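Here is the file target-v8.cif (mmCIF, C-alpha atoms).
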```cif
data_work
loop_
_atom_site.group_PDB
_atom_site.id
_atom_site.type_symbol
_atom_site.label_atom_id
_atom_site.label_comp_id
_atom_site.auth_asym_id
_atom_site.auth_seq_id
_atom_site.Cartn_x
_atom_site.Cartn_y
_atom_site.Cartn_z
ATOM 1 C CA MET A 1 -11.486 -32.287 52.080
ATOM 2 C CA ILE A 2 -13.567 -32.320 48.883
ATOM 3 C CA LEU A 3 -13.736 -35.391 46.727
ATOM 4 C CA ALA A 4 -13.099 -34.945 43.054
ATOM 5 C CA GLN A 5 -15.760 -36.008 40.594
ATOM 6 C CA THR A 6 -13.309 -36.423 37.739
ATOM 7 C CA THR A 7 -9.578 -36.914 37.664
ATOM 8 C CA PRO A 8 -8.197 -35.529 34.361
ATOM 9 C CA ALA A 9 -7.646 -32.026 35.754
ATOM 10 C CA LEU A 10 -5.625 -33.324 38.699
ATOM 11 C CA PRO A 11 -1.869 -32.872 38.656
ATOM 12 C CA ASP A 12 0.110 -35.962 37.842
ATOM 13 C CA ASN A 13 2.593 -36.537 40.629
ATOM 14 C CA THR A 14 3.108 -40.248 40.216
ATOM 15 C CA GLY A 15 6.872 -39.888 40.552
ATOM 16 C CA TYR A 16 6.648 -38.252 43.964
ATOM 17 C CA VAL A 17 4.168 -40.846 45.239
ATOM 18 C CA ALA A 18 6.366 -43.669 43.949
ATOM 19 C CA ALA A 19 9.420 -42.051 45.558
ATOM 20 C CA ALA A 20 7.678 -41.768 48.944
ATOM 21 C CA TYR A 21 6.574 -45.409 48.934
ATOM 22 C CA LEU A 22 10.002 -46.519 47.697
ATOM 23 C CA VAL A 23 11.666 -44.673 50.589
ATOM 24 C CA PHE A 24 9.465 -46.601 53.006
ATOM 25 C CA LEU A 25 10.119 -49.891 51.213
ATOM 26 C CA ALA A 26 13.873 -49.226 51.137
ATOM 27 C CA LEU A 27 13.948 -48.548 54.879
ATOM 28 C CA VAL A 28 12.127 -51.781 55.646
ATOM 29 C CA LEU A 29 14.315 -53.744 53.200
ATOM 30 C CA ILE A 30 17.545 -52.356 54.666
ATOM 31 C CA TYR A 31 16.299 -53.329 58.108
ATOM 32 C CA VAL A 32 15.415 -56.843 56.947
ATOM 33 C CA VAL A 33 18.850 -57.245 55.290
ATOM 34 C CA ILE A 34 20.567 -56.194 58.535
ATOM 35 C CA MET A 35 18.409 -58.666 60.477
ATOM 36 C CA ALA A 36 19.249 -61.406 57.972
ATOM 37 C CA SER A 37 22.974 -60.747 58.362
ATOM 38 C CA LYS A 38 22.581 -60.933 62.149
ATOM 39 C CA LEU A 39 20.737 -64.229 61.776
ATOM 40 C CA SER A 40 23.515 -65.698 59.632
ATOM 41 C CA ARG A 41 26.046 -64.580 62.276
ATOM 42 C CA PHE A 42 24.008 -66.381 64.925
ATOM 43 C CA GLU A 43 23.973 -69.507 62.781
ATOM 44 C CA ARG A 44 27.764 -69.353 62.385
ATOM 45 C CA GLU A 45 28.190 -68.906 66.134
ATOM 46 C CA LEU A 46 25.823 -71.778 66.845
ATOM 47 C CA THR A 47 27.819 -74.060 64.528
ATOM 48 C CA GLU A 48 31.018 -73.026 66.305
ATOM 49 C CA LEU A 49 29.473 -73.670 69.716
ATOM 50 C CA ASN A 50 28.157 -77.022 68.552
ATOM 51 C CA GLU A 51 31.673 -78.020 67.506
ATOM 52 C CA LEU A 52 33.008 -76.784 70.825
ATOM 53 C CA ALA A 53 30.408 -78.836 72.697
ATOM 54 C CA ASP A 54 31.241 -81.944 70.590
ATOM 55 C CA ARG A 55 34.943 -81.524 71.322
ATOM 56 C CA ASP A 56 34.143 -81.164 75.024
ATOM 57 C CA ALA A 57 31.987 -84.287 74.979
ATOM 58 C CA HIS A 58 34.783 -86.221 73.241
ATOM 59 C CA ARG A 59 37.327 -85.065 75.786
ATOM 60 C CA SER A 60 35.168 -85.957 78.763
ATOM 61 C CA SER A 61 34.429 -89.422 77.357
ATOM 62 C CA ALA A 62 38.136 -90.111 76.675
ATOM 63 C CA PRO A 63 40.036 -92.015 79.444
ATOM 64 C CA GLY A 64 42.247 -90.021 81.833
ATOM 65 C CA PRO A 65 42.098 -86.365 82.811
ATOM 66 C CA SER A 66 41.172 -84.267 79.812
ATOM 67 C CA MET A 67 42.290 -80.986 81.329
ATOM 68 C CA GLU A 68 44.729 -79.653 83.828
ATOM 69 C CA PRO A 69 42.986 -79.047 87.189
ATOM 70 C CA GLU A 70 43.621 -75.271 86.885
ATOM 71 C CA GLN A 71 42.040 -75.237 83.424
ATOM 72 C CA GLU A 72 39.075 -77.215 84.697
ATOM 73 C CA ALA A 73 38.599 -74.762 87.560
ATOM 74 C CA ALA A 74 38.862 -71.777 85.218
ATOM 75 C CA ARG A 75 36.316 -73.347 82.933
ATOM 76 C CA ARG A 76 33.852 -73.701 85.791
ATOM 77 C CA MET B 1 13.817 -72.075 66.342
ATOM 78 C CA LEU B 2 15.131 -68.674 67.289
ATOM 79 C CA TYR B 3 12.073 -66.561 66.721
ATOM 80 C CA GLY B 4 9.103 -68.832 67.449
ATOM 81 C CA THR B 5 5.898 -69.449 65.556
ATOM 82 C CA ARG B 6 3.987 -66.524 67.107
ATOM 83 C CA LEU B 7 6.405 -64.059 65.595
ATOM 84 C CA ARG B 8 6.057 -65.747 62.221
ATOM 85 C CA ALA B 9 2.263 -65.456 62.463
ATOM 86 C CA LEU B 10 2.593 -61.799 63.420
ATOM 87 C CA SER B 11 4.916 -61.179 60.457
ATOM 88 C CA ILE B 12 2.430 -62.746 58.040
ATOM 89 C CA ALA B 13 -0.477 -60.784 59.569
ATOM 90 C CA THR B 14 1.560 -57.578 59.245
ATOM 91 C CA LEU B 15 2.348 -58.254 55.598
ATOM 92 C CA VAL B 16 -1.301 -59.038 54.788
ATOM 93 C CA THR B 17 -2.543 -55.905 56.594
ATOM 94 C CA MET B 18 -0.023 -53.682 54.855
ATOM 95 C CA ILE B 19 -0.817 -55.057 51.419
ATOM 96 C CA ALA B 20 -4.567 -54.648 52.103
ATOM 97 C CA ALA B 21 -3.994 -51.070 53.296
ATOM 98 C CA LEU B 22 -1.941 -50.299 50.190
ATOM 99 C CA GLY B 23 -4.636 -51.773 47.975
ATOM 100 C CA LEU B 24 -7.366 -49.748 49.673
ATOM 101 C CA ALA B 25 -5.298 -46.550 49.562
ATOM 102 C CA PHE B 26 -4.741 -46.831 45.819
ATOM 103 C CA PHE B 27 -7.903 -48.528 44.556
ATOM 104 C CA TYR B 28 -10.635 -47.740 47.086
ATOM 105 C CA ALA B 29 -9.870 -44.313 48.538
ATOM 106 C CA PRO B 30 -11.107 -41.496 46.293
ATOM 107 C CA MET B 31 -8.761 -39.008 44.695
ATOM 108 C CA ASP B 32 -8.371 -35.809 46.664
ATOM 109 C CA ALA B 33 -9.771 -32.809 44.776
ATOM 110 C CA ASP B 34 -7.089 -30.450 45.998
ATOM 111 C CA GLN B 35 -3.947 -32.561 45.884
ATOM 112 C CA GLY B 36 -4.897 -35.286 43.480
ATOM 113 C CA PHE B 37 -2.810 -38.432 43.274
ATOM 114 C CA MET B 38 0.014 -37.116 45.454
ATOM 115 C CA GLN B 39 -2.330 -37.212 48.466
ATOM 116 C CA LYS B 40 -1.676 -40.989 48.458
ATOM 117 C CA ILE B 41 1.575 -40.178 50.281
ATOM 118 C CA PHE B 42 -0.672 -39.387 53.247
ATOM 119 C CA TYR B 43 -1.371 -43.121 53.764
ATOM 120 C CA VAL B 44 2.270 -43.907 54.414
ATOM 121 C CA HIS B 45 3.561 -40.626 55.833
ATOM 122 C CA VAL B 46 1.001 -39.945 58.580
ATOM 123 C CA PRO B 47 0.747 -43.509 59.998
ATOM 124 C CA MET B 48 4.543 -43.660 60.032
ATOM 125 C CA ALA B 49 4.724 -40.371 61.972
ATOM 126 C CA MET B 50 2.053 -41.440 64.457
ATOM 127 C CA VAL B 51 3.652 -44.834 65.081
ATOM 128 C CA ALA B 52 7.119 -43.277 65.424
ATOM 129 C CA LEU B 53 5.855 -40.818 68.043
ATOM 130 C CA CYS B 54 3.947 -43.553 69.912
ATOM 131 C CA GLY B 55 7.137 -45.630 69.823
ATOM 132 C CA PHE B 56 9.037 -42.820 71.526
ATOM 133 C CA VAL B 57 6.365 -42.680 74.243
ATOM 134 C CA PHE B 58 6.536 -46.484 74.577
ATOM 135 C CA GLY B 59 10.297 -46.154 75.019
ATOM 136 C CA GLY B 60 9.623 -43.681 77.846
ATOM 137 C CA ILE B 61 7.162 -46.070 79.532
ATOM 138 C CA MET B 62 9.704 -48.902 79.373
ATOM 139 C CA ALA B 63 12.289 -46.524 80.815
ATOM 140 C CA ILE B 64 9.971 -45.805 83.773
ATOM 141 C CA GLN B 65 9.690 -49.558 84.329
ATOM 142 C CA HIS B 66 13.472 -49.827 84.154
ATOM 143 C CA LEU B 67 13.991 -47.183 86.808
ATOM 144 C CA ARG B 68 11.291 -48.740 89.006
ATOM 145 C CA THR B 69 12.505 -52.315 88.822
ATOM 146 C CA GLY B 70 16.182 -52.000 87.869
ATOM 147 C CA ASP B 71 15.590 -54.823 85.363
ATOM 148 C CA ALA B 72 17.962 -54.469 82.387
ATOM 149 C CA ARG B 73 15.387 -56.040 80.060
ATOM 150 C CA TYR B 74 13.248 -52.896 80.323
ATOM 151 C CA ASP B 75 16.248 -50.796 79.349
ATOM 152 C CA MET B 76 16.709 -53.027 76.316
ATOM 153 C CA ARG B 77 13.024 -52.672 75.429
ATOM 154 C CA SER B 78 13.234 -48.906 75.722
ATOM 155 C CA TYR B 79 16.433 -48.818 73.645
ATOM 156 C CA VAL B 80 14.955 -50.962 70.862
ATOM 157 C CA ALA B 81 11.702 -48.933 70.829
ATOM 158 C CA ILE B 82 13.593 -45.652 70.445
ATOM 159 C CA HIS B 83 15.945 -47.165 67.870
ATOM 160 C CA LEU B 84 13.015 -48.300 65.711
ATOM 161 C CA SER B 85 11.161 -45.005 66.114
ATOM 162 C CA LEU B 86 14.262 -43.188 64.914
ATOM 163 C CA ILE B 87 14.328 -45.329 61.775
ATOM 164 C CA LEU B 88 10.653 -44.567 61.172
ATOM 165 C CA GLY B 89 11.451 -40.918 61.908
ATOM 166 C CA VAL B 90 13.929 -40.884 59.027
ATOM 167 C CA GLY B 91 11.142 -42.256 56.828
ATOM 168 C CA VAL B 92 8.720 -39.588 58.049
ATOM 169 C CA LEU B 93 11.163 -36.781 57.281
ATOM 170 C CA LEU B 94 11.986 -38.152 53.826
ATOM 171 C CA THR B 95 8.395 -38.865 52.783
ATOM 172 C CA GLY B 96 7.336 -35.524 54.273
ATOM 173 C CA ALA B 97 9.984 -33.724 52.247
ATOM 174 C CA ILE B 98 8.831 -35.492 49.072
ATOM 175 C CA TRP B 99 5.207 -34.575 49.817
ATOM 176 C CA ALA B 100 6.203 -30.968 50.541
ATOM 177 C CA LYS B 101 8.114 -30.738 47.257
ATOM 178 C CA ALA B 102 5.177 -32.158 45.329
ATOM 179 C CA SER B 103 2.634 -30.023 47.144
ATOM 180 C CA TRP B 104 4.368 -26.703 47.836
ATOM 181 C CA GLY B 105 7.366 -26.839 45.525
ATOM 182 C CA HIS B 106 9.832 -26.845 48.457
ATOM 183 C CA TRP B 107 11.548 -29.741 50.180
ATOM 184 C CA TRP B 108 11.158 -28.096 53.570
ATOM 185 C CA VAL B 109 9.030 -25.271 54.953
ATOM 186 C CA TRP B 110 10.241 -23.710 58.169
ATOM 187 C CA ASP B 111 7.016 -21.907 59.103
ATOM 188 C CA GLU B 112 4.999 -25.110 59.284
ATOM 189 C CA PRO B 113 4.678 -26.143 62.986
ATOM 190 C CA THR B 114 3.928 -29.791 62.194
ATOM 191 C CA LEU B 115 7.176 -30.256 60.307
ATOM 192 C CA VAL B 116 9.391 -28.278 62.638
ATOM 193 C CA SER B 117 8.010 -29.847 65.814
ATOM 194 C CA PHE B 118 8.581 -33.333 64.397
ATOM 195 C CA LEU B 119 12.119 -32.350 63.406
ATOM 196 C CA ILE B 120 12.757 -31.113 66.963
ATOM 197 C CA VAL B 121 11.528 -34.409 68.431
ATOM 198 C CA PHE B 122 13.622 -36.360 65.907
ATOM 199 C CA LEU B 123 16.777 -34.350 66.646
ATOM 200 C CA LEU B 124 16.168 -34.716 70.366
ATOM 201 C CA TYR B 125 16.080 -38.498 70.025
ATOM 202 C CA ALA B 126 19.000 -38.461 67.602
ATOM 203 C CA THR B 127 21.154 -37.572 70.617
ATOM 204 C CA TYR B 128 19.977 -40.668 72.547
ATOM 205 C CA GLN B 129 22.486 -43.147 71.133
ATOM 206 C CA PRO B 130 25.517 -40.796 71.181
ATOM 207 C CA MET B 131 24.578 -39.971 74.771
ATOM 208 C CA ARG B 132 24.533 -43.653 75.698
ATOM 209 C CA PHE B 133 27.815 -44.205 73.886
ATOM 210 C CA SER B 134 29.475 -41.336 75.747
ATOM 211 C CA ILE B 135 28.863 -42.986 79.150
ATOM 212 C CA GLU B 136 31.356 -45.750 79.852
ATOM 213 C CA ASP B 137 29.881 -47.125 83.074
ATOM 214 C CA ARG B 138 27.107 -49.561 82.047
ATOM 215 C CA GLU B 139 25.015 -48.954 85.145
ATOM 216 C CA LYS B 140 25.113 -45.181 84.796
ATOM 217 C CA GLN B 141 24.549 -45.462 81.056
ATOM 218 C CA SER B 142 21.286 -47.348 81.457
ATOM 219 C CA ARG B 143 20.040 -45.104 84.277
ATOM 220 C CA TYR B 144 20.827 -41.832 82.476
ATOM 221 C CA ALA B 145 19.364 -43.185 79.247
ATOM 222 C CA SER B 146 16.142 -44.068 81.055
ATOM 223 C CA VAL B 147 15.882 -40.580 82.551
ATOM 224 C CA PHE B 148 16.428 -39.146 79.066
ATOM 225 C CA ALA B 149 13.803 -41.458 77.537
ATOM 226 C CA ILE B 150 11.213 -40.459 80.168
ATOM 227 C CA ILE B 151 11.754 -36.704 79.781
ATOM 228 C CA ALA B 152 11.879 -36.861 75.990
ATOM 229 C CA GLY B 153 8.861 -39.186 75.974
ATOM 230 C CA ALA B 154 6.879 -36.648 77.958
ATOM 231 C CA PHE B 155 7.857 -34.009 75.403
ATOM 232 C CA VAL B 156 6.440 -36.021 72.506
ATOM 233 C CA PRO B 157 2.711 -35.311 73.171
ATOM 234 C CA LEU B 158 3.582 -31.649 72.613
ATOM 235 C CA ASN B 159 4.108 -32.626 69.018
ATOM 236 C CA PHE B 160 0.507 -33.796 68.767
ATOM 237 C CA LEU B 161 -0.611 -30.589 70.467
ATOM 238 C CA ALA B 162 1.417 -28.533 68.021
ATOM 239 C CA VAL B 163 -0.342 -30.265 65.152
ATOM 240 C CA ARG B 164 -3.725 -29.565 66.702
ATOM 241 C CA LEU B 165 -2.966 -25.933 67.430
ATOM 242 C CA ALA B 166 -1.309 -25.264 64.094
ATOM 243 C CA GLN B 167 -3.000 -22.560 62.102
ATOM 244 C CA ALA B 168 -1.951 -23.721 58.688
ATOM 245 C CA TYR B 169 -3.974 -26.855 58.123
ATOM 246 C CA THR B 170 -1.750 -28.646 55.712
ATOM 247 C CA HIS B 171 -2.401 -32.050 57.198
ATOM 248 C CA PRO B 172 -5.994 -33.303 57.242
ATOM 249 C CA ARG B 173 -7.671 -33.361 60.676
ATOM 250 C CA VAL B 174 -8.042 -37.070 60.909
ATOM 251 C CA PHE B 175 -10.378 -37.299 63.879
ATOM 252 C CA ALA B 176 -12.479 -34.213 63.124
ATOM 253 C CA THR B 177 -15.784 -34.639 61.346
ATOM 254 C CA ALA B 178 -16.258 -31.162 59.978
ATOM 255 C CA ASP B 179 -14.034 -28.626 58.254
ATOM 256 C CA GLY B 180 -11.236 -30.746 56.989
ATOM 257 C CA GLY B 181 -12.064 -34.129 58.505
ATOM 258 C CA LEU B 182 -11.300 -37.251 56.519
ATOM 259 C CA PRO B 183 -14.155 -38.429 54.285
ATOM 260 C CA ALA B 184 -15.535 -41.850 55.204
ATOM 261 C CA LYS B 185 -14.011 -43.537 52.144
ATOM 262 C CA MET B 186 -10.572 -42.292 53.147
ATOM 263 C CA GLN B 187 -10.939 -43.318 56.773
ATOM 264 C CA LEU B 188 -10.884 -47.068 56.206
ATOM 265 C CA PRO B 189 -7.630 -47.078 54.177
ATOM 266 C CA PHE B 190 -6.081 -44.668 56.649
ATOM 267 C CA TYR B 191 -6.967 -46.678 59.754
ATOM 268 C CA LEU B 192 -5.862 -49.879 58.060
ATOM 269 C CA SER B 193 -2.551 -48.206 57.119
ATOM 270 C CA LEU B 194 -2.190 -47.077 60.721
ATOM 271 C CA LEU B 195 -2.878 -50.608 61.964
ATOM 272 C CA GLY B 196 -0.434 -52.068 59.432
ATOM 273 C CA MET B 197 2.276 -49.606 60.425
ATOM 274 C CA ALA B 198 1.711 -50.308 64.124
ATOM 275 C CA MET B 199 1.911 -54.042 63.430
ATOM 276 C CA LEU B 200 5.104 -53.535 61.438
ATOM 277 C CA TYR B 201 6.593 -51.637 64.361
ATOM 278 C CA VAL B 202 5.625 -54.362 66.849
ATOM 279 C CA THR B 203 6.955 -57.096 64.525
ATOM 280 C CA LEU B 204 10.304 -55.386 64.005
ATOM 281 C CA TRP B 205 10.527 -54.583 67.717
ATOM 282 C CA ARG B 206 9.978 -58.222 68.583
ATOM 283 C CA TYR B 207 12.516 -59.377 65.970
ATOM 284 C CA GLU B 208 15.080 -56.976 67.351
ATOM 285 C CA MET B 209 14.352 -58.082 70.937
ATOM 286 C CA ALA B 210 14.612 -61.741 69.925
ATOM 287 C CA SER B 211 17.903 -60.989 68.192
ATOM 288 C CA LYS B 212 19.318 -59.223 71.285
ATOM 289 C CA ASN B 213 18.166 -62.066 73.555
ATOM 290 C CA THR B 214 19.666 -64.683 71.250
ATOM 291 C CA SER B 215 22.939 -62.784 71.122
ATOM 292 C CA ALA B 216 23.038 -62.662 74.936
ATOM 293 C CA LYS B 217 22.249 -66.384 75.210
ATOM 294 C CA LEU B 218 24.972 -67.228 72.694
ATOM 295 C CA ARG B 219 27.525 -65.271 74.704
ATOM 296 C CA SER B 220 26.419 -67.062 77.835
ATOM 297 C CA LEU B 221 26.670 -70.460 76.115
ATOM 298 C CA ARG B 222 30.106 -69.634 74.740
ATOM 299 C CA ARG B 223 31.264 -68.677 78.226
ATOM 300 C CA LYS B 224 29.950 -71.953 79.650
ATOM 301 C CA LEU B 225 31.629 -74.037 76.958
ATOM 302 C CA GLY B 226 34.906 -72.210 76.454
ATOM 303 C CA GLY B 227 35.400 -70.228 79.634
ATOM 304 C CA ASP B 228 35.753 -66.462 79.986
ATOM 305 C CA GLU B 229 38.634 -66.294 77.499
ATOM 306 C CA ALA B 230 36.371 -67.662 74.747
ATOM 307 C CA VAL B 231 34.094 -64.635 75.010
ATOM 308 C CA ALA B 232 35.325 -61.418 73.468
ATOM 309 C CA PRO B 233 34.908 -58.580 75.976
ATOM 310 C CA VAL B 234 31.999 -56.247 75.303
ATOM 311 C CA GLY B 235 33.562 -53.040 74.096
ATOM 312 C CA ARG B 236 32.153 -49.590 74.559
ATOM 313 C CA THR B 237 28.707 -49.642 73.020
ATOM 314 C CA ALA B 238 25.491 -47.669 73.078
ATOM 315 C CA ALA B 239 23.376 -50.816 73.281
ATOM 316 C CA PRO B 240 22.416 -52.181 76.691
ATOM 317 C CA THR B 241 23.748 -55.557 77.791
ATOM 318 C CA LEU B 242 21.357 -58.188 79.024
ATOM 319 C CA PRO B 243 22.206 -59.975 82.299
ATOM 320 C CA SER B 244 22.786 -63.379 80.686
ATOM 321 C CA ALA B 245 25.516 -61.920 78.455
#
```
Would you put the structure from the file into structure tokens?
Amino acid sequence: MILAQTTPALPDNTGYVAAAYLVFLALVLIYVVIMASKLSRFERELTELNELADRDAHRSSAPGPSMEPEQEAARR
Amino acid sequence: MLYGTRLRALSIATLVTMIAALGLAFFYAPMDADQGFMQKIFYVHVPMAMVALCGFVFGGIMAIQHLRTGDARYDMRSYVAIHLSLILGVGVLLTGAIWAKASWGHWWVWDEPTLVSFLIVFLLYATYQPMRFSIEDREKQSRYASVFAIIAGAFVPLNFLAVRLAQAYTHPRVFATADGGLPAKMQLPFYLSLLGMAMLYVTLWRYEMASKNTSAKLRSLRRKLGGDEAVAPVGRTAAPTLPSA
């Protein structure tokens, strides 16, 4: 590979270079967006599970059997 | 915290390396006399291709570990590695096509071994996920997929060989010092781009693994709290299932 001394005679292909780097950037961005949507799904699920755990804690602290024995066994 | 502080540090290091590589490629590396400004595509295209191919080999190594140990986590690692390499592969083909159009006036050249051999590897791996999806039995699916990943992974070095043996030297000989080797001022930006791309791959791989692990743990937690009926059954999928799910 020979290094150029001057640049004016070189072809101007800025558009192609920009397109190539944009393709790379777009791929990474799409991936990050997908990851972000997964993360928000996890957060939603965690909130749901938190509520479920709170309800369970309430039930177990309440007097009397909170569940039918069959339900309790199935849960275990 | 789902992803931990080490992953955050790795993400920041990756971003810094990639920005530094980009800066060096555009402001430090000299203009190529033959190709001019469009040669800058080299700094994204070639590292992406090399990392994608190494990722396929890594997937094969993880598949060997899976067959040796029977541990589903290795199958997941192999699956994620191949999945990410395929995404990079799409980038390689697109940036390569853009470079070819700018350089030769054609989007694709069929008599160029480098291009065609990469396309063959890409198409080979493009069948990986449909193949997994076509096998209903989870145990068989993971075993067959591992065998596929090992065989295909062994095929990948042929791609490097094809590049080396190619007669038409359209890509610079990166590690050669004479007749087409990279000039010293181009080497630093190139190696930094390669490092940045490898770090990006590792970061995304770890994010994806963390996401799969979290998903499995959430399923397990849901089962513990709400019983089996609270967990939607895992339908037919190409992705492996971790034991805790």
Inset, instruction - Go through A:Ala62, A:Thr47, A:Asp56, A:Val33 one by one, measure the shortest atom-to-atom distance of each to chain B using only C-alpha atoms, and give the residue with the smallest value. - result: A:Asp56
Inset, instruction - Give me, as an MDAnalysis selection string, the contact residues of chain B against chain A at a cut-off of 7 Å, counting all atoms listed in the file. - result: chainID B and resid 30:33 36:38 40:41 91 95 98 102 180:182 222 225:227
Legend entry - Nearest to Trp108 in chain B by atom-to-atom distance, counting only C-alpha atoms, from B:Met209, B:Leu93, B:Val121, B:Ala216: B:Leu93
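We find CA of Gly55 in chain B and CA of Met18 in chain B to be spaced 18.4 Å apart.
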In the coordinate frame of the file, compute which residues have an atom within 12 Å of (2.7, -40.4, 62.2) when using only C-alpha atoms, and state them as an mmCIF file with C-alpha atoms, keeping the file's coordinate frame.
```
data_model
loop_
_atom_site.group_PDB
_atom_site.id
_atom_site.type_symbol
_atom_site.label_atom_id
_atom_site.label_comp_id
_atom_site.auth_asym_id
_atom_site.auth_seq_id
_atom_site.Cartn_x
_atom_site.Cartn_y
_atom_site.Cartn_z
ATOM 1 C CA ILE B 41 1.575 -40.178 50.281
ATOM 2 C CA PHE B 42 -0.672 -39.387 53.247
ATOM 3 C CA TYR B 43 -1.371 -43.121 53.764
ATOM 4 C CA VAL B 44 2.270 -43.907 54.414
ATOM 5 C CA HIS B 45 3.561 -40.626 55.833
ATOM 6 C CA VAL B 46 1.001 -39.945 58.580
ATOM 7 C CA PRO B 47 0.747 -43.509 59.998
ATOM 8 C CA MET B 48 4.543 -43.660 60.032
ATOM 9 C CA ALA B 49 4.724 -40.371 61.972
ATOM 10 C CA MET B 50 2.053 -41.440 64.457
ATOM 11 C CA VAL B 51 3.652 -44.834 65.081
ATOM 12 C CA ALA B 52 7.119 -43.277 65.424
ATOM 13 C CA LEU B 53 5.855 -40.818 68.043
ATOM 14 C CA CYS B 54 3.947 -43.553 69.912
ATOM 15 C CA GLY B 55 7.137 -45.630 69.823
ATOM 16 C CA PHE B 56 9.037 -42.820 71.526
ATOM 17 C CA SER B 85 11.161 -45.005 66.114
ATOM 18 C CA LEU B 88 10.653 -44.567 61.172
ATOM 19 C CA GLY B 89 11.451 -40.918 61.908
ATOM 20 C CA VAL B 90 13.929 -40.884 59.027
ATOM 21 C CA GLY B 91 11.142 -42.256 56.828
ATOM 22 C CA VAL B 92 8.720 -39.588 58.049
ATOM 23 C CA LEU B 93 11.163 -36.781 57.281
ATOM 24 C CA THR B 95 8.395 -38.865 52.783
ATOM 25 C CA GLY B 96 7.336 -35.524 54.273
ATOM 26 C CA THR B 114 3.928 -29.791 62.194
ATOM 27 C CA LEU B 115 7.176 -30.256 60.307
ATOM 28 C CA PHE B 118 8.581 -33.333 64.397
ATOM 29 C CA VAL B 156 6.440 -36.021 72.506
ATOM 30 C CA ASN B 159 4.108 -32.626 69.018
ATOM 31 C CA PHE B 160 0.507 -33.796 68.767
ATOM 32 C CA VAL B 163 -0.342 -30.265 65.152
ATOM 33 C CA HIS B 171 -2.401 -32.050 57.198
ATOM 34 C CA VAL B 174 -8.042 -37.070 60.909
ATOM 35 C CA PHE B 190 -6.081 -44.668 56.649
ATOM 36 C CA TYR B 191 -6.967 -46.678 59.754
ATOM 37 C CA SER B 193 -2.551 -48.206 57.119
ATOM 38 C CA LEU B 194 -2.190 -47.077 60.721
ATOM 39 C CA LEU B 195 -2.878 -50.608 61.964
ATOM 40 C CA MET B 197 2.276 -49.606 60.425
ATOM 41 C CA ALA B 198 1.711 -50.308 64.124
#
```
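One distance worth recording is that between CA of Ala9 in chain B and CA of Glu208 in chain B, which is 16.1 Å.
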Inset, instruction - State, in Å with one decimal place, the distance from CA of Leu22 in chain B to CA of Pro189 in chain B. - result: 7.7 Å
Inset, instruction - I need the residue set behind the PyMOL selection byres ((chain B and resi 143-147) around 10) for this file; please write it as number ranges by chain. - result: B: 59-67, 70, 72, 74-75, 78-79, 128-129, 131-132, 135, 138-142, 148-153, 238, 240
Inset, instruction - Could you check which of A:Ser40, A:Ser60, A:Asp54, A:Ile30 is closest to Ile87 in chain B, using all atoms listed in the file? - result: A:Ile30
